[in-house]
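Coordinates from model_38.pdb are shown below (PDB, C-alpha atoms, pLDDT in the B column).
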```
MODEL        1
ATOM      1  CA  MET A   1     -14.562  11.717 -16.201  1.00 88.00           C
ATOM      2  CA  LYS A   2     -15.739  11.675 -12.602  1.00 89.00           C
ATOM      3  CA  ALA A   3     -16.359  14.344 -10.009  1.00 89.00           C
ATOM      4  CA  ALA A   4     -13.597  14.509  -7.385  1.00 88.00           C
ATOM      5  CA  MET A   5     -16.114  13.536  -4.675  1.00 87.00           C
ATOM      6  CA  ASP A   6     -16.653  10.178  -6.447  1.00 87.00           C
ATOM      7  CA  LEU A   7     -12.972   9.184  -6.244  1.00 86.00           C
ATOM      8  CA  ARG A   8     -11.807   7.131  -3.251  1.00 84.00           C
ATOM      9  CA  GLN A   9      -8.637   5.658  -1.811  1.00 78.00           C
ATOM     10  CA  GLY A  10      -7.217   3.309  -4.435  1.00 76.00           C
ATOM     11  CA  SER A  11      -8.756   5.214  -7.386  1.00 84.00           C
ATOM     12  CA  THR A  12      -6.505   6.308 -10.223  1.00 88.00           C
ATOM     13  CA  TYR A  13      -6.753   9.344 -12.465  1.00 92.00           C
ATOM     14  CA  ARG A  14      -4.725  11.106 -15.133  1.00 91.00           C
ATOM     15  CA  LYS A  15      -3.733  14.784 -15.234  1.00 91.00           C
ATOM     16  CA  ASP A  16      -1.547  16.240 -17.992  1.00 90.00           C
ATOM     17  CA  GLY A  17      -0.790  12.697 -19.204  1.00 87.00           C
ATOM     18  CA  VAL A  18       0.554  11.567 -15.818  1.00 88.00           C
ATOM     19  CA  PRO A  19      -1.245   8.792 -13.888  1.00 89.00           C
ATOM     20  CA  TYR A  20      -1.853   9.273 -10.157  1.00 90.00           C
ATOM     21  CA  LEU A  21      -2.953   6.847  -7.447  1.00 84.00           C
ATOM     22  CA  ILE A  22      -5.070   8.217  -4.598  1.00 85.00           C
ATOM     23  CA  LEU A  23      -3.557   7.051  -1.304  1.00 80.00           C
ATOM     24  CA  ARG A  24      -6.039   8.933   0.903  1.00 81.00           C
ATOM     25  CA  ALA A  25      -9.244  10.882   0.195  1.00 85.00           C
ATOM     26  CA  ASP A  26     -10.989  13.174   2.697  1.00 87.00           C
ATOM     27  CA  ARG A  27     -14.013  15.412   2.135  1.00 84.00           C
ATOM     28  CA  HIS A  28     -14.053  18.788   3.895  1.00 81.00           C
ATOM     29  CA  GLN A  29     -16.606  21.560   4.024  1.00 75.00           C
ATOM     30  CA  SER A  30     -16.154  24.762   5.962  1.00 67.00           C
ATOM     31  CA  THR A  31     -19.236  25.960   7.816  1.00 66.00           C
ATOM     32  CA  SER A  32     -17.526  28.808   9.647  1.00 63.00           C
ATOM     33  CA  GLY A  33     -18.347  32.407   8.850  1.00 58.00           C
ATOM     34  CA  LYS A  34     -21.433  33.885   7.250  1.00 56.00           C
ATOM     35  CA  LYS A  35     -21.115  32.059   3.953  1.00 59.00           C
ATOM     36  CA  ALA A  36     -20.265  28.364   3.785  1.00 59.00           C
ATOM     37  CA  ARG A  37     -17.658  27.479   1.149  1.00 69.00           C
ATOM     38  CA  ALA A  38     -18.097  24.722  -1.380  1.00 75.00           C
ATOM     39  CA  ALA A  39     -17.082  21.233  -0.310  1.00 84.00           C
ATOM     40  CA  GLU A  40     -13.495  20.263  -1.077  1.00 89.00           C
ATOM     41  CA  MET A  41     -11.648  16.987  -1.450  1.00 90.00           C
ATOM     42  CA  LYS A  42      -8.193  16.602   0.078  1.00 91.00           C
ATOM     43  CA  PHE A  43      -6.200  13.885  -1.630  1.00 91.00           C
ATOM     44  CA  LYS A  44      -2.855  12.334  -0.815  1.00 89.00           C
ATOM     45  CA  ILE A  45      -1.670  11.198  -4.234  1.00 89.00           C
ATOM     46  CA  LYS A  46       1.261   9.308  -5.716  1.00 84.00           C
ATOM     47  CA  ASP A  47       2.654  10.100  -9.155  1.00 87.00           C
ATOM     48  CA  LEU A  48       2.886   6.607 -10.671  1.00 82.00           C
ATOM     49  CA  MET A  49       5.688   7.592 -13.034  1.00 79.00           C
ATOM     50  CA  SER A  50       8.084   9.332 -10.622  1.00 79.00           C
ATOM     51  CA  GLY A  51       6.846   7.869  -7.307  1.00 76.00           C
ATOM     52  CA  LYS A  52       6.510  11.360  -5.795  1.00 83.00           C
ATOM     53  CA  VAL A  53       3.819  11.659  -3.101  1.00 85.00           C
ATOM     54  CA  GLN A  54       1.993  14.927  -2.477  1.00 90.00           C
ATOM     55  CA  GLU A  55      -1.209  16.355  -1.061  1.00 92.00           C
ATOM     56  CA  ILE A  56      -3.674  18.356  -3.137  1.00 92.00           C
ATOM     57  CA  THR A  57      -7.035  20.022  -2.520  1.00 91.00           C
ATOM     58  CA  VAL A  58      -9.710  20.340  -5.218  1.00 90.00           C
ATOM     59  CA  LEU A  59     -13.378  21.315  -5.269  1.00 89.00           C
ATOM     60  CA  SER A  60     -15.557  18.247  -4.801  1.00 87.00           C
ATOM     61  CA  THR A  61     -17.377  19.049  -8.061  1.00 89.00           C
ATOM     62  CA  GLU A  62     -14.184  19.323 -10.167  1.00 90.00           C
ATOM     63  CA  MET A  63     -14.187  16.782 -12.976  1.00 92.00           C
ATOM     64  CA  MET A  64     -11.171  14.438 -13.016  1.00 92.00           C
ATOM     65  CA  ASP A  65     -10.035  12.022 -15.729  1.00 91.00           C
ATOM     66  CA  ASP A  66     -10.387   8.687 -13.911  1.00 90.00           C
ATOM     67  CA  ILE A  67      -8.494   5.771 -15.427  1.00 90.00           C
ATOM     68  CA  ILE A  68      -8.355   2.060 -14.837  1.00 88.00           C
ATOM     69  CA  LEU A  69      -4.889   0.552 -14.689  1.00 86.00           C
ATOM     70  CA  ASP A  70      -4.217  -2.882 -16.110  1.00 88.00           C
ATOM     71  CA  ARG A  71      -3.426  -5.475 -13.468  1.00 87.00           C
ATOM     72  CA  ASN A  72      -1.154  -8.398 -14.256  1.00 90.00           C
ATOM     73  CA  GLN A  73      -0.907 -11.293 -11.846  1.00 93.00           C
ATOM     74  CA  MET A  74       2.800 -11.822 -11.216  1.00 95.00           C
ATOM     75  CA  GLN A  75       4.948 -13.904  -8.918  1.00 95.00           C
ATOM     76  CA  PHE A  76       7.769 -12.297  -6.936  1.00 95.00           C
ATOM     77  CA  LEU A  77      10.964 -14.178  -7.765  1.00 95.00           C
ATOM     78  CA  TYR A  78      13.848 -12.475  -5.964  1.00 94.00           C
ATOM     79  CA  GLU A  79      15.591  -9.194  -5.079  1.00 93.00           C
ATOM     80  CA  SER A  80      19.061  -8.301  -6.341  1.00 93.00           C
ATOM     81  CA  GLU A  81      20.907  -5.025  -5.749  1.00 91.00           C
ATOM     82  CA  GLY A  82      17.710  -3.049  -5.113  1.00 89.00           C
ATOM     83  CA  GLU A  83      15.765  -4.509  -8.034  1.00 92.00           C
ATOM     84  CA  TYR A  84      12.783  -6.778  -7.448  1.00 93.00           C
ATOM     85  CA  PHE A  85      12.068  -9.336 -10.161  1.00 95.00           C
ATOM     86  CA  PHE A  86       8.567 -10.567 -11.022  1.00 95.00           C
ATOM     87  CA  MET A  87       7.280 -13.141 -13.518  1.00 95.00           C
ATOM     88  CA  ASP A  88       3.981 -12.905 -15.385  1.00 92.00           C
ATOM     89  CA  GLN A  89       1.884 -15.960 -14.512  1.00 87.00           C
ATOM     90  CA  GLU A  90       0.583 -16.384 -18.085  1.00 89.00           C
ATOM     91  CA  SER A  91       3.392 -15.338 -20.456  1.00 90.00           C
ATOM     92  CA  PHE A  92       6.319 -16.109 -18.094  1.00 92.00           C
ATOM     93  CA  GLU A  93       7.793 -12.711 -19.067  1.00 92.00           C
ATOM     94  CA  GLN A  94       9.942 -11.168 -16.331  1.00 93.00           C
ATOM     95  CA  ILE A  95      10.085  -7.539 -15.221  1.00 93.00           C
ATOM     96  CA  ALA A  96      12.118  -5.663 -12.626  1.00 92.00           C
ATOM     97  CA  LEU A  97      10.776  -2.975 -10.282  1.00 89.00           C
ATOM     98  CA  THR A  98      12.772  -0.753  -7.951  1.00 86.00           C
ATOM     99  CA  GLU A  99      12.179  -0.199  -4.249  1.00 85.00           C
ATOM    100  CA  GLU A 100      10.715   3.229  -5.144  1.00 78.00           C
ATOM    101  CA  ASP A 101       8.191   1.547  -7.481  1.00 78.00           C
ATOM    102  CA  LEU A 102       7.139  -0.842  -4.728  1.00 83.00           C
ATOM    103  CA  GLY A 103       6.967   1.584  -1.791  1.00 79.00           C
ATOM    104  CA  ASP A 104       5.831  -0.073   1.460  1.00 84.00           C
ATOM    105  CA  ALA A 105       5.121  -3.343  -0.375  1.00 88.00           C
ATOM    106  CA  VAL A 106       8.797  -4.332   0.090  1.00 90.00           C
ATOM    107  CA  ASN A 107       8.011  -4.859   3.790  1.00 92.00           C
ATOM    108  CA  PHE A 108       5.744  -7.811   3.001  1.00 93.00           C
ATOM    109  CA  LEU A 109       7.173  -9.448  -0.145  1.00 92.00           C
ATOM    110  CA  VAL A 110       8.415 -13.017   0.122  1.00 93.00           C
ATOM    111  CA  GLU A 111       9.676 -15.215  -2.691  1.00 93.00           C
ATOM    112  CA  GLU A 112       6.950 -16.970  -4.718  1.00 93.00           C
ATOM    113  CA  MET A 113       4.274 -14.519  -3.468  1.00 94.00           C
ATOM    114  CA  VAL A 114       1.714 -13.759  -6.202  1.00 94.00           C
ATOM    115  CA  ILE A 115       0.563 -10.122  -6.402  1.00 93.00           C
ATOM    116  CA  GLN A 116      -1.051  -7.706  -8.849  1.00 91.00           C
ATOM    117  CA  VAL A 117       1.409  -5.502 -10.772  1.00 90.00           C
ATOM    118  CA  LEU A 118      -0.213  -2.250 -11.940  1.00 86.00           C
ATOM    119  CA  MET A 119       0.486  -1.359 -15.573  1.00 86.00           C
ATOM    120  CA  TYR A 120      -0.032   2.000 -17.277  1.00 85.00           C
ATOM    121  CA  GLU A 121       0.182   1.837 -21.084  1.00 84.00           C
ATOM    122  CA  GLY A 122       2.309  -1.318 -20.840  1.00 84.00           C
ATOM    123  CA  THR A 123       4.722   0.109 -18.243  1.00 84.00           C
ATOM    124  CA  PRO A 124       4.753  -1.302 -14.683  1.00 85.00           C
ATOM    125  CA  VAL A 125       4.079   1.533 -12.222  1.00 80.00           C
ATOM    126  CA  GLY A 126       3.416  -0.219  -8.925  1.00 79.00           C
ATOM    127  CA  VAL A 127       1.953  -3.212  -7.153  1.00 84.00           C
ATOM    128  CA  GLU A 128      -1.215  -4.088  -5.306  1.00 84.00           C
ATOM    129  CA  LEU A 129      -0.834  -6.444  -2.360  1.00 88.00           C
ATOM    130  CA  PRO A 130      -3.597  -8.449  -0.738  1.00 89.00           C
ATOM    131  CA  ASN A 131      -5.137  -6.468   2.152  1.00 88.00           C
ATOM    132  CA  THR A 132      -3.628  -8.887   4.672  1.00 92.00           C
ATOM    133  CA  VAL A 133      -0.625 -11.204   4.819  1.00 94.00           C
ATOM    134  CA  VAL A 134       0.537 -13.766   7.357  1.00 94.00           C
ATOM    135  CA  ARG A 135       4.199 -13.581   8.331  1.00 95.00           C
ATOM    136  CA  GLU A 136       6.336 -15.289  10.988  1.00 94.00           C
ATOM    137  CA  VAL A 137       7.825 -13.318  13.878  1.00 95.00           C
ATOM    138  CA  THR A 138      11.607 -13.829  13.758  1.00 95.00           C
ATOM    139  CA  TYR A 139      12.519 -11.623  16.718  1.00 95.00           C
ATOM    140  CA  THR A 140      10.785  -9.976  19.655  1.00 93.00           C
ATOM    141  CA  GLU A 141      11.595  -9.426  23.305  1.00 91.00           C
ATOM    142  CA  PRO A 142       9.657 -11.510  25.837  1.00 86.00           C
ATOM    143  CA  GLY A 143       6.682  -9.679  27.352  1.00 73.00           C
ATOM    144  CA  LEU A 144       6.971  -8.696  30.991  1.00 69.00           C
ATOM    145  CA  LYS A 145       4.461 -10.338  33.327  1.00 64.00           C
ATOM    146  CA  GLY A 146       2.060  -7.868  34.835  1.00 60.00           C
ATOM    147  CA  ASP A 147       2.854  -5.222  32.213  1.00 55.00           C
ATOM    148  CA  THR A 148      -0.662  -5.231  30.795  1.00 57.00           C
ATOM    149  CA  ILE A 149      -2.034  -1.803  31.632  1.00 62.00           C
ATOM    150  CA  GLY A 150      -3.894  -0.501  28.594  1.00 63.00           C
ATOM    151  CA  ARG A 151      -2.931  -1.780  25.192  1.00 76.00           C
ATOM    152  CA  ALA A 152       0.666  -2.720  25.898  1.00 83.00           C
ATOM    153  CA  THR A 153       2.729  -3.497  22.808  1.00 89.00           C
ATOM    154  CA  LYS A 154       6.317  -4.283  21.920  1.00 93.00           C
ATOM    155  CA  PRO A 155       8.308  -4.235  18.663  1.00 94.00           C
ATOM    156  CA  ALA A 156       8.558  -7.440  16.641  1.00 95.00           C
ATOM    157  CA  THR A 157      10.508  -8.214  13.472  1.00 96.00           C
ATOM    158  CA  ILE A 158       8.948 -10.447  10.811  1.00 96.00           C
ATOM    159  CA  SER A 159      10.649 -12.720   8.274  1.00 91.00           C
ATOM    160  CA  THR A 160      11.031  -9.886   5.718  1.00 92.00           C
ATOM    161  CA  GLY A 161      12.917  -7.674   8.193  1.00 93.00           C
ATOM    162  CA  TYR A 162       9.972  -5.302   8.759  1.00 95.00           C
ATOM    163  CA  THR A 163       9.380  -4.212  12.383  1.00 95.00           C
ATOM    164  CA  LEU A 164       5.921  -3.478  13.804  1.00 95.00           C
ATOM    165  CA  GLN A 165       4.187  -3.195  17.172  1.00 94.00           C
ATOM    166  CA  VAL A 166       2.510  -6.367  18.510  1.00 94.00           C
ATOM    167  CA  PRO A 167       0.772  -7.317  21.772  1.00 92.00           C
ATOM    168  CA  LEU A 168       2.953  -8.620  24.622  1.00 90.00           C
ATOM    169  CA  PHE A 169       1.780 -12.239  24.235  1.00 90.00           C
ATOM    170  CA  VAL A 170       3.322 -12.603  20.740  1.00 91.00           C
ATOM    171  CA  VAL A 171       6.536 -14.678  20.794  1.00 92.00           C
ATOM    172  CA  ILE A 172       9.232 -15.685  18.306  1.00 93.00           C
ATOM    173  CA  GLY A 173       7.851 -18.250  15.854  1.00 93.00           C
ATOM    174  CA  ASP A 174       4.256 -16.983  16.007  1.00 94.00           C
ATOM    175  CA  LYS A 175       2.548 -16.326  12.706  1.00 95.00           C
ATOM    176  CA  ILE A 176       0.701 -13.020  12.700  1.00 95.00           C
ATOM    177  CA  LYS A 177      -1.777 -11.400  10.330  1.00 95.00           C
ATOM    178  CA  ILE A 178      -0.749  -7.901   9.161  1.00 95.00           C
ATOM    179  CA  ASP A 179      -2.815  -5.253   7.381  1.00 92.00           C
ATOM    180  CA  THR A 180      -0.653  -4.331   4.359  1.00 89.00           C
ATOM    181  CA  ARG A 181      -2.437  -0.976   3.920  1.00 82.00           C
ATOM    182  CA  THR A 182      -1.360   0.290   7.355  1.00 85.00           C
ATOM    183  CA  GLY A 183       1.506  -2.069   8.255  1.00 90.00           C
ATOM    184  CA  GLU A 184      -0.203  -2.857  11.567  1.00 93.00           C
ATOM    185  CA  TYR A 185      -0.715  -6.081  13.509  1.00 95.00           C
ATOM    186  CA  MET A 186      -4.239  -7.522  13.241  1.00 94.00           C
ATOM    187  CA  GLU A 187      -4.219 -10.876  15.053  1.00 94.00           C
ATOM    188  CA  ARG A 188      -2.265 -14.022  15.713  1.00 91.00           C
ATOM    189  CA  ALA A 189      -2.685 -16.539  12.898  1.00 88.00           C
ATOM    190  CA  ASN A 190      -1.492 -19.738  14.616  1.00 69.00           C
ATOM    191  CA  GLY A 191      -3.459 -22.933  14.362  1.00 55.00           C
TER
ENDMDL
END
```
Re-express the file's structure as structure tokens.
Amino acid sequence: MKAAMDLRQGSTYRKDGVPYLILRADRHQSTSGKKARAAEMKFKIKDLMSGKVQEITVLSTEMMDDIILDRNQMQFLYESEGEYFFMDQESFEQIALTEEDLGDAVNFLVEEMVIQVLMYEGTPVGVELPNTVVREVTYTEPGLKGDTIGRATKPATISTGYTLQVPLFVVIGDKIKIDTRTGEYMERANG
């Protein structure tokens, strides 16, 4: 058991037998009025069984049943009719996850990519990607010369079909580094 204030983004806990992943954690304390209220934690959480995302607020001192999920290193094999197939790197056992199980991870998966599959009591409940990936730009419009006021960006599509904003100098064929937690461009990864 841990106090809510000790849980961070990426922590997992269990409530009423259901595991939750904390997607965002913010601490708030009201100082308005004559009497300050106790500090609170605002969490954006994901139910790892149903995939439902919600926001909750709890007192920062509330005790929560923190859990540690098992992580199996698995290789992404292929996608077929909305199911994504992975193979355990040690036992060679295969499992299938749905797009709902994977969430935003589907934007960055490529065949043969090795990732961590999160397991709760032997059941796969999600995946953990590396913080960054390098992907090739397959389509983007050419940047306009002189259009550089401020932080000018343009949309670009990467090899997985995901579209994100990139600086004007990025061209088709460039390899770019992407933050998988936010889905945002970080830097060009050529050479």
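Every residue that the PyMOL selection byres ((chain A and resi 174) around 7) selects in this file is listed here: Glu136, Val137, Val170, Val171, Ile172, Gly173, Lys175, Ile176 and Asn190 of chain A.
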query: Which residues, written as a ChimeraX atom specification, have at least one atom at most 10 Å from Leu77 in chain A, with all atoms listed in the file counted and residues fewer than 4 positions away on the same chain left out?
result: /A:84-87,94,96,109-114
- prompt: Got a sec to resolve the PyMOL selection byres ((chain A and resi 184-186) around 12) on this structure and send the residues as an NGL selection string?
  reply: :A and (107-108 or 131-137 or 153-158 or 162-168 or 170 or 175-183 or 187-189)
- prompt: Out of A:Met41, A:Leu69, A:Asp47, A:Glu90, which residue has the shortest atom-to-atom distance to Ser11 in chain A when counting only C-alpha atoms?
  reply: A:Leu69
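Of the residues listed (A:Glu141, A:Glu100, A:Asp26, A:Asp65), A:Asp26 shows the shortest atom-to-atom separation from Met5 in chain A; distances use only C-alpha atoms.
CA of Glu121 in chain A to CA of Tyr13 in chain A spans 13.4 Å [interatomic distance, one decimal].
Between CA of Pro130 in chain A and CA of Arg14 in chain A the interatomic distance comes to 24.3 Å.
Atom pair CA of Ala38 in chain A / CA of Val53 in chain A: separated by 25.6 Å.
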- request: Would you kindly return, as a ChimeraX atom specification, each protein, DNA or RNA residue with an atom no farther than 7 Å from any atom of Thr61 in chain A, considering all atoms listed in the file and excluding same-chain residues fewer than 2 positions away?
  value: /A:3-5,59,63
message: Once the PyMOL selection byres ((chain A and resi 98) around 12) has been evaluated on this model, what residues remain selected, and can you format them as a VMD selection string?
response: chain A and resid 50 to 51 78 to 86 95 to 97 99 to 106 124 to 127
field: Residue nearest Gln116 in chain A among A:Gln29, A:Ser60, A:Thr160, A:Gln73 (counting only C-alpha atoms)
entry: A:Gln73
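Distances to Pro142 in chain A were evaluated for A:Val18, A:Met64, A:Phe169, A:Gly122 using all atoms listed in the file, and the minimum falls at A:Phe169.
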- request: Could you pull out every residue with an atom within 7 Å of (-14.6, 6.8, -9.9), file coordinates, counting all atoms listed in the file, and send them as a PyMOL selection string?
  value: chain A and resi 2+6-7+11+66
message: My list of candidates is A:Glu62, A:Glu93, A:Glu55, A:Asp88. Which is closest to Tyr20 in chain A when distances are computed with only C-alpha atoms?
response: A:Glu55
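Using all atoms listed in the file, the protein and nucleic acid residues lying at most 7 Å from the point (-4.7, 16.0, -5.9) are A:Lys42, A:Phe43, A:Lys44, A:Ile45, A:Glu55, A:Ile56, A:Thr57, A:Val58.
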Got time to write the residues from that selection, C-alpha atoms, as a CSV table (one decimal), keeping the file's coordinate frame?
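After the write, part00.csv holds the following:
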```csv
chain,number,residue,atom,x,y,z
A,42,LYS,CA,-8.2,16.6,0.1
A,43,PHE,CA,-6.2,13.9,-1.6
A,44,LYS,CA,-2.9,12.3,-0.8
A,45,ILE,CA,-1.7,11.2,-4.2
A,55,GLU,CA,-1.2,16.4,-1.1
A,56,ILE,CA,-3.7,18.4,-3.1
A,57,THR,CA,-7.0,20.0,-2.5
A,58,VAL,CA,-9.7,20.3,-5.2
```
